[in-house]
>>> print(open('input.cif').read())   # mmCIF, C-alpha atoms
data_run
loop_
_atom_site.label_atom_id
_atom_site.label_comp_id
_atom_site.auth_asym_id
_atom_site.auth_seq_id
_atom_site.Cartn_x
_atom_site.Cartn_y
_atom_site.Cartn_z
CA MET A 1 -41.36 192.14 78.87
CA LYS A 2 -42.98 188.97 77.52
CA HIS A 3 -41.55 187.19 74.53
CA THR A 4 -44.03 185.44 72.28
CA VAL A 5 -43.06 182.09 70.83
CA GLU A 6 -44.21 181.41 67.30
CA PRO A 7 -46.10 178.11 66.89
CA PHE A 8 -44.25 175.33 65.11
CA SER A 9 -45.02 175.14 61.41
CA ILE A 10 -44.13 172.15 59.26
CA GLU A 11 -44.28 174.31 56.14
CA LYS A 12 -41.88 176.93 57.54
CA TRP A 13 -39.51 174.23 58.86
CA TRP A 14 -39.51 172.59 55.43
CA GLU A 15 -38.73 175.89 53.68
CA ASP A 16 -35.92 176.71 56.14
CA PHE A 17 -34.47 173.21 55.74
CA PHE A 18 -34.25 173.47 51.95
CA ALA A 19 -32.87 177.01 52.20
CA ARG A 20 -29.95 175.76 54.34
CA VAL A 21 -29.10 172.51 52.55
CA PRO A 22 -27.05 172.80 49.31
CA VAL A 23 -28.81 171.60 46.16
CA LYS A 24 -26.22 168.89 45.44
CA TYR A 25 -26.93 167.19 48.79
CA ILE A 26 -30.67 167.19 48.12
CA SER A 27 -29.99 165.61 44.73
CA ILE A 28 -27.77 162.90 46.26
CA CYS A 29 -30.43 162.02 48.86
CA LEU A 30 -33.18 161.83 46.25
CA GLY A 31 -31.02 159.67 44.02
CA ALA A 32 -30.11 157.33 46.86
CA VAL A 33 -33.74 156.87 47.92
CA GLY A 34 -34.82 156.32 44.32
CA ALA A 35 -32.08 153.78 43.62
CA PHE A 36 -32.98 151.86 46.79
CA LEU A 37 -36.68 151.68 45.83
CA LEU A 38 -35.83 150.54 42.27
CA TRP A 39 -33.51 147.84 43.60
CA LYS A 40 -35.88 146.68 46.36
CA PHE A 41 -39.19 146.55 44.48
CA PRO A 42 -39.87 145.13 40.98
CA GLU A 43 -41.84 146.86 38.25
CA GLY A 44 -45.56 147.12 38.80
CA TYR A 45 -45.24 148.15 42.42
CA LEU A 46 -46.12 151.68 43.52
CA ARG A 47 -42.81 151.97 45.39
CA HIS A 48 -40.92 151.12 42.18
CA ALA A 49 -42.73 153.99 40.43
CA LEU A 50 -41.87 156.28 43.34
CA GLY A 51 -38.23 155.24 42.95
CA GLU A 52 -38.29 156.19 39.27
CA ALA A 53 -39.80 159.56 40.17
CA ALA A 54 -37.14 160.16 42.84
CA VAL A 55 -34.29 159.39 40.41
CA ILE A 56 -35.78 161.72 37.77
CA ALA A 57 -36.23 164.46 40.38
CA ALA A 58 -32.59 164.02 41.50
CA LEU A 59 -31.33 164.41 37.93
CA LEU A 60 -33.49 167.50 37.40
CA VAL A 61 -32.26 169.09 40.64
CA LEU A 62 -28.62 168.31 39.86
CA PHE A 63 -28.45 169.24 36.16
CA VAL A 64 -31.43 171.43 35.26
CA ASP A 65 -32.10 173.58 38.34
CA PRO A 66 -28.66 175.33 38.41
CA PHE A 67 -28.93 176.27 34.72
CA LEU A 68 -32.46 177.65 35.17
CA LYS A 69 -31.36 179.73 38.16
CA ALA A 70 -28.28 181.02 36.32
CA ARG A 71 -30.42 182.01 33.32
CA LEU A 72 -32.99 183.68 35.56
CA LEU A 73 -30.19 185.62 37.27
CA ARG A 74 -28.80 186.78 33.94
CA GLU A 75 -32.20 187.86 32.70
CA ALA A 76 -33.00 189.67 35.93
CA SER A 77 -29.63 191.45 36.00
CA LYS A 78 -30.28 192.97 32.57
CA ASP A 79 -33.27 194.97 33.76
CA ILE A 80 -32.73 195.04 37.53
CA PHE A 81 -32.14 198.79 37.58
CA HIS A 82 -35.44 199.45 35.85
CA TYR A 83 -37.31 197.47 38.51
CA LEU A 84 -35.36 198.94 41.43
CA LEU A 85 -35.16 202.57 40.33
CA GLY A 86 -38.05 202.94 37.94
CA PHE A 87 -35.68 204.01 35.16
CA ASP A 88 -32.72 202.61 33.26
CA GLN A 89 -29.03 203.50 33.80
CA GLN A 90 -26.05 204.00 31.51
CA PRO A 91 -24.27 200.74 30.53
CA GLU A 92 -21.02 201.79 32.23
CA ILE A 93 -22.79 202.50 35.52
CA LYS A 94 -24.80 199.28 35.33
CA GLU A 95 -21.65 197.22 34.67
CA ARG A 96 -19.82 198.81 37.60
CA LEU A 97 -22.70 198.26 40.02
CA LYS A 98 -23.26 194.73 38.75
CA ARG A 99 -19.62 193.85 39.46
CA LEU A 100 -19.90 195.26 42.97
CA VAL A 101 -23.02 193.20 43.64
CA PHE A 102 -22.15 189.88 42.03
CA ASP A 103 -18.34 189.86 42.46
CA THR A 104 -18.32 190.74 46.17
CA LYS A 105 -17.53 187.34 47.65
CA LEU A 106 -15.36 188.43 50.60
CA PHE A 107 -15.87 191.23 53.09
CA ARG A 108 -14.14 192.51 56.22
CA THR A 109 -15.49 193.30 59.68
CA ASN A 110 -14.09 195.04 62.77
CA PHE A 111 -11.27 196.86 60.97
CA ASN A 112 -8.97 198.43 63.58
CA ALA A 113 -6.48 201.04 62.37
CA ARG A 114 -3.89 202.48 64.78
CA TYR A 115 -1.71 205.45 63.79
CA LYS A 116 1.23 206.66 65.85
CA LEU A 117 2.54 210.04 64.65
CA VAL A 118 6.27 210.49 65.24
CA PRO A 119 7.67 213.89 64.17
CA GLU A 120 11.20 213.82 62.78
CA ALA A 121 13.44 216.74 61.74
CA ASP A 122 11.47 217.76 58.65
CA PHE A 123 8.76 215.10 58.20
CA MET A 124 6.15 213.09 60.09
CA ARG A 125 6.61 209.35 60.37
CA ILE A 126 3.39 207.38 60.67
CA GLU A 127 3.70 204.00 62.37
CA PHE A 128 0.60 202.22 61.10
CA GLU A 129 -0.87 198.96 62.43
CA TYR A 130 -4.16 197.39 61.39
CA ASP A 131 -6.15 194.19 61.79
CA PHE A 132 -9.50 192.90 60.52
CA GLU A 133 -11.61 189.76 60.28
CA LEU A 134 -12.20 188.34 56.81
CA ILE A 135 -15.55 186.67 56.06
CA ASN A 136 -16.46 184.35 53.18
CA PRO A 137 -20.30 184.27 52.97
CA THR A 138 -20.36 181.86 50.00
CA GLU A 139 -20.48 178.06 50.06
CA GLU A 140 -17.09 177.60 48.34
CA ALA A 141 -13.51 178.21 49.51
CA ILE A 142 -11.93 181.35 47.99
CA ASP A 143 -8.22 182.14 47.52
CA PHE A 144 -7.19 185.41 49.20
CA PRO A 145 -3.78 187.09 48.83
CA LEU A 146 -3.43 189.87 51.41
CA LYS A 147 -1.57 192.83 49.91
CA ILE A 148 -0.66 196.39 50.74
CA ASP A 149 -0.26 199.23 48.22
CA CYS A 150 1.82 202.35 48.91
CA GLU A 151 3.05 205.28 46.90
CA ARG A 152 6.81 205.43 46.43
CA ALA A 153 6.62 209.10 47.53
CA GLU A 154 5.42 207.92 50.96
CA ASN A 155 8.82 206.25 51.52
CA PRO A 156 7.04 203.16 52.91
CA ASN A 157 8.58 200.48 55.08
CA LEU A 158 6.55 197.26 55.25
CA ILE A 159 7.39 195.50 58.50
CA SER A 160 5.11 192.45 58.49
CA LEU A 161 1.82 190.88 57.47
CA ALA A 162 0.18 188.19 59.60
CA LEU A 163 -2.82 185.90 59.88
CA ILE A 164 -4.27 184.37 63.03
CA SER A 165 -6.66 181.59 62.10
CA SER A 166 -8.36 178.70 63.87
CA GLU A 167 -6.75 176.52 61.16
CA LYS A 168 -3.16 177.85 61.05
CA ASN A 169 -1.19 181.00 61.92
CA TYR A 170 1.09 182.82 59.46
CA LEU A 171 3.72 185.57 59.60
CA TRP A 172 5.17 187.13 56.46
CA HIS A 173 7.92 189.69 55.82
CA PRO A 174 7.37 190.53 52.13
CA LYS A 175 9.43 193.06 50.20
CA LEU A 176 7.77 196.01 48.51
CA GLU A 177 8.03 195.72 44.73
CA PRO A 178 6.94 198.17 41.99
CA LYS A 179 3.55 197.44 40.43
CA ASN A 180 3.95 196.18 36.86
CA ASP A 181 1.81 198.79 35.13
CA GLU A 182 2.38 201.58 37.69
CA PRO A 183 6.02 201.66 38.91
CA GLU A 184 5.42 204.51 41.38
CA VAL A 185 3.10 202.20 43.35
CA LEU A 186 4.85 199.71 45.64
CA GLN A 187 3.11 196.46 46.58
CA GLY A 188 3.72 193.81 49.22
CA PHE A 189 1.99 190.42 49.10
CA ALA A 190 1.37 187.68 51.63
CA GLU A 191 0.96 184.06 50.57
CA VAL A 192 -2.39 183.04 49.14
CA VAL A 193 -4.65 181.49 51.78
CA LYS A 194 -7.79 179.50 50.99
CA ILE A 195 -10.62 181.12 52.96
CA GLN A 196 -13.24 178.58 53.96
CA PRO A 197 -16.97 179.44 54.01
CA ALA A 198 -18.15 181.13 57.20
CA SER A 199 -20.57 178.22 57.72
CA LYS A 200 -17.58 176.00 58.57
CA GLY A 201 -16.75 178.11 61.61
CA VAL A 202 -13.14 178.92 60.69
CA SER A 203 -12.01 182.43 61.70
CA TYR A 204 -9.45 184.54 59.82
CA ARG A 205 -7.96 187.66 61.42
CA TYR A 206 -5.36 189.46 59.32
CA SER A 207 -2.98 192.18 60.51
CA GLY A 208 -0.15 194.30 59.19
CA LYS A 209 2.53 196.78 60.28
CA CYS A 210 4.22 199.46 58.21
CA SER A 211 5.54 203.01 58.41
CA LEU A 212 5.09 205.98 56.05
CA GLN A 213 6.51 209.48 55.75
CA TYR A 214 4.51 212.69 55.25
CA PRO A 215 4.96 216.44 55.77
CA LEU A 216 4.78 217.70 59.35
CA SER A 217 1.29 219.17 58.72
CA PHE A 218 -0.66 217.06 56.26
CA TYR A 219 -3.21 214.24 55.96
CA TYR A 220 -3.40 210.50 55.22
CA ALA A 221 -6.27 208.80 53.37
CA GLN A 222 -7.18 205.31 54.57
CA HIS A 223 -8.61 203.66 51.45
CA PHE A 224 -10.71 200.50 51.41
CA GLY A 225 -10.11 197.82 48.80
CA TYR A 226 -12.75 195.41 50.13
CA PRO A 227 -16.23 195.97 51.57
CA THR A 228 -15.67 196.69 55.27
CA ILE A 229 -18.25 196.84 58.05
CA GLY A 230 -17.23 198.59 61.26
CA VAL A 231 -14.00 200.62 61.51
CA THR A 232 -12.16 201.90 64.59
CA VAL A 233 -9.44 204.53 64.19
CA THR A 234 -6.98 205.32 67.00
CA ILE A 235 -4.43 208.15 66.69
CA GLU A 236 -1.48 208.78 68.98
CA CYS A 237 0.51 211.99 68.60
CA PRO A 238 2.83 214.14 70.73
CA ALA A 239 1.40 217.01 72.81
CA SER A 240 2.79 219.59 70.38
CA PHE A 241 0.51 218.29 67.59
CA GLU A 242 -3.22 217.87 67.18
CA ALA A 243 -4.77 215.12 65.06
CA SER A 244 -8.27 214.22 63.90
CA ALA A 245 -10.15 211.74 61.74
CA ALA A 246 -13.29 212.05 59.62
CA PRO A 247 -16.27 213.12 61.78
CA THR A 248 -18.39 210.42 63.43
CA PRO A 249 -20.90 210.52 66.31
CA ALA A 250 -18.93 207.72 68.02
CA HIS A 251 -15.83 209.78 68.87
CA GLU A 252 -14.16 209.97 72.25
CA GLY A 253 -10.63 211.23 72.89
CA ASN A 254 -8.28 209.81 70.29
CA VAL A 255 -10.66 207.04 69.14
CA TRP A 256 -13.13 207.30 66.24
CA ARG A 257 -15.65 204.50 65.61
CA TYR A 258 -17.53 204.11 62.30
CA GLU A 259 -20.41 201.62 62.26
CA ARG A 260 -21.21 202.10 58.57
CA LEU A 261 -20.27 200.05 55.51
CA PHE A 262 -17.23 201.19 53.51
CA MET A 263 -17.18 200.02 49.89
CA PRO A 264 -14.15 199.91 47.53
CA GLY A 265 -13.26 203.50 46.70
CA ASP A 266 -14.39 204.90 50.07
CA HIS A 267 -11.82 206.38 52.45
CA ILE A 268 -11.29 208.00 55.86
CA ASN A 269 -9.03 211.06 56.10
CA ILE A 270 -6.58 211.34 59.00
CA ARG A 271 -5.28 214.90 59.55
CA TRP A 272 -2.61 216.41 61.79
CA LYS A 273 -0.91 219.76 62.33
CA ARG A 274 1.39 221.43 64.81
CA LYS A 275 -0.39 223.36 67.55
CA GLU A 276 -0.07 227.12 67.60
CA GLY A 277 2.86 228.27 69.72
CA HIS A 278 4.81 225.01 69.19
CA ASP A 279 6.71 225.99 66.05
#
>>> encode(input="input.cif", output="structure tokens")
Amino acid sequence: MKHTVEPFSIEKWWEDFFARVPVKYISICLGAVGAFLLWKFPEGYLRHALGEAAVIAALLVLFVDPFLKARLLREASKDIFHYLLGFDQQPEIKERLKRLVFDTKLFRTNFNARYKLVPEADFMRIEFEYDFELINPTEEAIDFPLKIDCERAENPNLISLALISSEKNYLWHPKLEPKNDEPEVLQGFAEVVKIQPASKGVSYRYSGKCSLQYPLSFYYAQHFGYPTIGVTVTIECPASFEASAAPTPAHEGNVWRYERLFMPGDHINIRWKRKEGHD
């Protein structure tokens, strides 16, 4: 199969260059070139006039361009649903969707969830381990506090939270504490870590271990608090039980693979029950 190579285009290269370079760097370069031309050539020279133009352009790029873009974004967001859908939406729905779109600054990939089902006398203990890669697609560092939420009724035991990063590795053993406005919810927090932009090449892989208690025949809902792309679920259980996860075409044995995007509020149900004749 032959691969065609697109001819080099100065115009396309120029557009790609400005798309990659932050606005503040372009402004600094323009200002530096303009200042040099003003210092090097006296008034009356064409290069002096070009220097004045470069300085003015730098100031416009630095101070005016961001405000114009922000205003354009605000104006567009007011009527974006009309242009996308052909009709307007209720204010509550628009506000919720707008927050999902504009406030999503971190997302997860390759989320691996491993469940080991251990039957006890009158309950099922779930030994749960998970890990995922956290991505920051923006151009600024973002603070991220890894946390885990559990219901008190699940009798949770938080073993550890960890981070393996190309910058520094962490291991935490936080205690579960009641949530301030919802005491029946127990929360465990890791230390806040500043997540660098993905463009800097720093990787962040978080993991956690905990155990929960459920009835011998029941289900567990794996909820997603952050946008997550790509989930693998692995379930281990004794021969006297059968377990399953939400249906997916990529299922083999005790492994379920989901290639789709999971948004906050989505979940995957894990179910188990004792096999007939093993009571």
>>> closest_atom_pairs(input="input.cif", of="stretch 220-239 of chain A", to="stretch 129-139 of chain A", cutoff="12 Å", atoms="only C-alpha atoms", output="CSV")
residue,atom,partner,partner_atom,distance
A:Gln222,CA,A:Tyr130,CA,10.9
A:Phe224,CA,A:Phe132,CA,11.9
A:Tyr226,CA,A:Leu134,CA,9.7
A:Pro227,CA,A:Leu134,CA,10.1
A:Thr228,CA,A:Phe132,CA,8.9
A:Ile229,CA,A:Phe132,CA,9.9
A:Gly230,CA,A:Phe132,CA,9.6
A:Val231,CA,A:Phe132,CA,9.0
A:Thr232,CA,A:Tyr130,CA,9.7
A:Val233,CA,A:Tyr130,CA,9.3
A:Thr234,CA,A:Glu129,CA,9.9
A:Ile235,CA,A:Glu129,CA,10.7
A:Glu236,CA,A:Glu129,CA,11.8
>>> residues_around(input="input.cif", residues="A:Lys40", least_positions_apart="6", cutoff="12 Å", atoms="all atoms listed in the file", output="VMD selection string")
chain A and resid 33 to 34 46 to 51
>>> axis_aligned_box(input="input.cif", around="stretch 148-155 of chain A", padding_each_side="3 Å", output="JSON")
{"center_x": 4.1, "center_y": 202.7, "center_z": 49.0, "size_x": 15.5, "size_y": 18.7, "size_z": 11.1}
>>> atom_distance(input="input.cif", atom1="atom CA of A:Lys273", atom2="atom CA of A:Glu151")
21.5 Å
>>> atom_distance(input="input.cif", atom1="atom CA of A:Phe218", atom2="atom CA of A:His267")
15.9 Å
>>> atom_distance(input="input.cif", atom1="atom CA of A:His251", atom2="atom CA of A:Asp149")
27.9 Å
>>> resolve_selection(input="input.cif", expression="the PyMOL selection byres ((chain A and resi 150) around 12)", output="number ranges by chain")
A: 147-149, 151-158, 176-179, 182-189, 210-213, 220-223
>>> closest_residue(input="input.cif", among="A:Ala250, A:Ile270, A:Ala245, A:Ala35", to="A:Ile126", atoms="all atoms listed in the file")
A:Ile270
>>> residues_around(input="input.cif", residues="stretch 164-174 of chain A", least_positions_apart="6", cutoff="6 Å", atoms="all atoms listed in the file", output="mmCIF file with C-alpha atoms, in the coordinates of the input")
data_model
loop_
_atom_site.group_PDB
_atom_site.id
_atom_site.type_symbol
_atom_site.label_atom_id
_atom_site.label_comp_id
_atom_site.auth_asym_id
_atom_site.auth_seq_id
_atom_site.Cartn_x
_atom_site.Cartn_y
_atom_site.Cartn_z
ATOM 1 C CA GLY A 188 3.720 193.810 49.220
ATOM 2 C CA VAL A 202 -13.140 178.920 60.690
ATOM 3 C CA SER A 203 -12.010 182.430 61.700
ATOM 4 C CA TYR A 204 -9.450 184.540 59.820
ATOM 5 C CA ARG A 205 -7.960 187.660 61.420
#
>>> closest_residue(input="input.cif", among="A:Phe107, A:Phe128, A:Phe262, A:Phe41", to="A:Ile195", atoms="all atoms listed in the file")
A:Phe107
>>> residues_around(input="input.cif", residues="A:Phe144", least_positions_apart="2", cutoff="9 Å", atoms="all atoms listed in the file", output="mmCIF file with C-alpha atoms, in the frame of the given file")
data_model
loop_
_atom_site.group_PDB
_atom_site.id
_atom_site.type_symbol
_atom_site.label_atom_id
_atom_site.label_comp_id
_atom_site.auth_asym_id
_atom_site.auth_seq_id
_atom_site.Cartn_x
_atom_site.Cartn_y
_atom_site.Cartn_z
ATOM 1 C CA LEU A 106 -15.360 188.430 50.600
ATOM 2 C CA ILE A 142 -11.930 181.350 47.990
ATOM 3 C CA LEU A 146 -3.430 189.870 51.410
ATOM 4 C CA GLU A 191 0.960 184.060 50.570
ATOM 5 C CA VAL A 192 -2.390 183.040 49.140
ATOM 6 C CA VAL A 193 -4.650 181.490 51.780
ATOM 7 C CA LYS A 194 -7.790 179.500 50.990
ATOM 8 C CA ILE A 195 -10.620 181.120 52.960
#
>>> residues_near_point(input="input.cif", point="(4.5, 221.7, 66.1)", cutoff="12 Å", atoms="all atoms listed in the file", output="list in words")
Leu117, Val118, Pro119, Glu120, Ala121, Asp122, Phe123, Met124, Pro215, Leu216, Ser217, Cys237, Pro238, Ala239, Ser240, Phe241, Glu242, Ala243, Trp272, Lys273, Arg274, Lys275, Glu276, Gly277, His278 and Asp279 of chain A
>>> residues_around(input="input.cif", residues="A:Ala246", least_positions_apart="3", cutoff="9 Å", atoms="all atoms listed in the file", output="PDB file with C-alpha atoms, keeping the file's coordinate frame")
ATOM      1  CA  TRP A 256     -13.130 207.300  66.240  1.00  0.00           C
ATOM      2  CA  ILE A 268     -11.290 208.000  55.860  1.00  0.00           C
ATOM      3  CA  ASN A 269      -9.030 211.060  56.100  1.00  0.00           C
ATOM      4  CA  ILE A 270      -6.580 211.340  59.000  1.00  0.00           C
ATOM      5  CA  ARG A 271      -5.280 214.900  59.550  1.00  0.00           C
TER       6      ARG A 271
END
